[in-house]
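Heads up: the structure comes next, in structure tokens.
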Amino acid sequence: QVQLVESGGGLVQPGGSLRLSCVVSGSIFNRAIMGWYRQAPGNQRQLVASITIGDRTNYADSVKGRFVISRDNAKNTLYLQMNSLEPEDTAVYYCNAKYIYNEYDYWGQGTQVTVSS
């Protein structure tokens, strides 16, 4: 059974940093494109960043230069280092695994990130 479990969210002041983690159980991590999405109240869920099996990364324009996505295939763990956080980054952040063979999407339960003074 595949499970994605996020951690690392919380309350941070503008300009601060947070590191999100997503541990993936089940045997798909090394066969999945991994990504972080976020959803703010009243908005649709949007891609923040993604990383392929070969470590090719893609970022939303709004986070380029501030966020870094990475993966540790030995630990089945996905990370999102978030720096220079802004109030507009406030959202629930979701971990996503897209299985490369059938493009099925697996989701975590989400972790809240709040940027506020």
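Ordered as shown in the structure tokens, chains take letters A, B, and onward, while each chain numbers its residues from 1 and ligands are numbered from 1 in the order shown.
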Spatial neighbours of Arg45 of chain A, 10 Å, only C-alpha atoms, chain gap at least 5 places, as a ChimeraX atom specification: /A:37-40,91-94
Can you check which residues of segment 2-83 of chain A DSSP gives as helix (DSSP H, G or I) on the backbone and send them as a list in words?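 Those in segment 2-83 of chain A that DSSP calls helix (DSSP H, G or I) are Phe29, Asn30, Arg31, Asp61, Ser62 and Val63 of chain A.
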How about saving the chosen residues, N, CA, C and O atoms kept, as a PDB file, in the first residue's frame?
```
ATOM      1  N   PHE A  29       8.602   4.976  -5.070  1.00  0.00           N
ATOM      2  CA  PHE A  29       9.360   6.229  -5.036  1.00  0.00           C
ATOM      3  C   PHE A  29      10.334   6.330  -6.196  1.00  0.00           C
ATOM      4  O   PHE A  29      10.454   7.377  -6.838  1.00  0.00           O
ATOM      5  N   ASN A  30      11.066   5.263  -6.465  1.00  0.00           N
ATOM      6  CA  ASN A  30      12.056   5.293  -7.540  1.00  0.00           C
ATOM      7  C   ASN A  30      11.441   5.110  -8.919  1.00  0.00           C
ATOM      8  O   ASN A  30      12.168   5.015  -9.917  1.00  0.00           O
ATOM      9  N   ARG A  31      10.127   5.082  -8.965  1.00  0.00           N
ATOM     10  CA  ARG A  31       9.411   4.969 -10.234  1.00  0.00           C
ATOM     11  C   ARG A  31       8.366   6.070 -10.367  1.00  0.00           C
ATOM     12  O   ARG A  31       7.344   5.898 -11.033  1.00  0.00           O
ATOM     13  N   ASP A  61       6.846  29.923 -11.218  1.00  0.00           N
ATOM     14  CA  ASP A  61       7.561  31.196 -11.297  1.00  0.00           C
ATOM     15  C   ASP A  61       7.599  31.905  -9.947  1.00  0.00           C
ATOM     16  O   ASP A  61       8.586  32.569  -9.602  1.00  0.00           O
ATOM     17  N   SER A  62       6.541  31.759  -9.175  1.00  0.00           N
ATOM     18  CA  SER A  62       6.434  32.497  -7.918  1.00  0.00           C
ATOM     19  C   SER A  62       7.420  32.031  -6.857  1.00  0.00           C
ATOM     20  O   SER A  62       7.630  32.745  -5.864  1.00  0.00           O
ATOM     21  N   VAL A  63       8.025  30.857  -7.037  1.00  0.00           N
ATOM     22  CA  VAL A  63       8.947  30.346  -6.014  1.00  0.00           C
ATOM     23  C   VAL A  63      10.370  30.186  -6.524  1.00  0.00           C
ATOM     24  O   VAL A  63      11.270  29.837  -5.749  1.00  0.00           O
TER      25      VAL A  63
END
```
Name the residues of chain A that come out as strand (DSSP E) in a backbone DSSP run; write them as an NGL selection string. :A and (3-7 or 10-12 or 18-25 or 32-39 or 46-51 or 57-59 or 67-72 or 77-82 or 91-99 or 105-107 or 111-115)
Select, from A:Thr52, A:Gln81, A:Gln1, A:Gln13, the residue with the minimum atom-to-atom distance to Ser27 of chain A, counting only C-alpha atoms.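 That would be A:Gln1, the residue with the smallest distance to Ser27 of chain A.
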So which residues touch Ala97 of chain A within 8 Å, counting only C-alpha atoms, skipping near sequence neighbours fewer than 3 positions away, as a list in words? Phe29, Ala32, Ile33, Met34, Gly35, Asp105, Tyr106 and Trp107 of chain A
To one decimal place, how far is atom CA of Lys98 of chain A from atom CA of Val113 of chain A in Å?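 Between atom CA of Lys98 of chain A and atom CA of Val113 of chain A the gap works out to 22.9 Å.
Excluding segment 14-19 of chain A itself and same-chain residues fewer than 5 positions from it, the residues having an atom within 8 Å of it are Gly8, Gly9, Tyr79, Leu80, Gln81, Met82, Asn83, Ser84, Leu85, Glu86, Pro87, Val115, Ser116 and Ser117 of chain A, counting only C-alpha atoms.
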Take the residues from that selection and put them in a file with C-alpha atoms, as a short mmCIF file (atom, residue, chain, number, x, y, z; two decimals), in the first residue's frame.
```
data_model
loop_
_atom_site.label_atom_id
_atom_site.label_comp_id
_atom_site.auth_asym_id
_atom_site.auth_seq_id
_atom_site.Cartn_x
_atom_site.Cartn_y
_atom_site.Cartn_z
CA GLY A 8 7.68 20.20 8.56
CA GLY A 9 4.90 22.72 8.19
CA TYR A 79 12.10 17.58 0.45
CA LEU A 80 11.15 21.19 -0.13
CA GLN A 81 13.47 23.82 1.27
CA MET A 82 11.55 27.09 1.43
CA ASN A 83 13.48 30.31 1.97
CA SER A 84 12.52 33.98 2.01
CA LEU A 85 8.95 33.00 2.76
CA GLU A 86 6.20 35.49 2.01
CA PRO A 87 2.62 35.75 3.30
CA VAL A 115 3.65 32.92 6.92
CA SER A 116 2.67 35.76 9.18
CA SER A 117 4.15 38.30 11.54
#
```
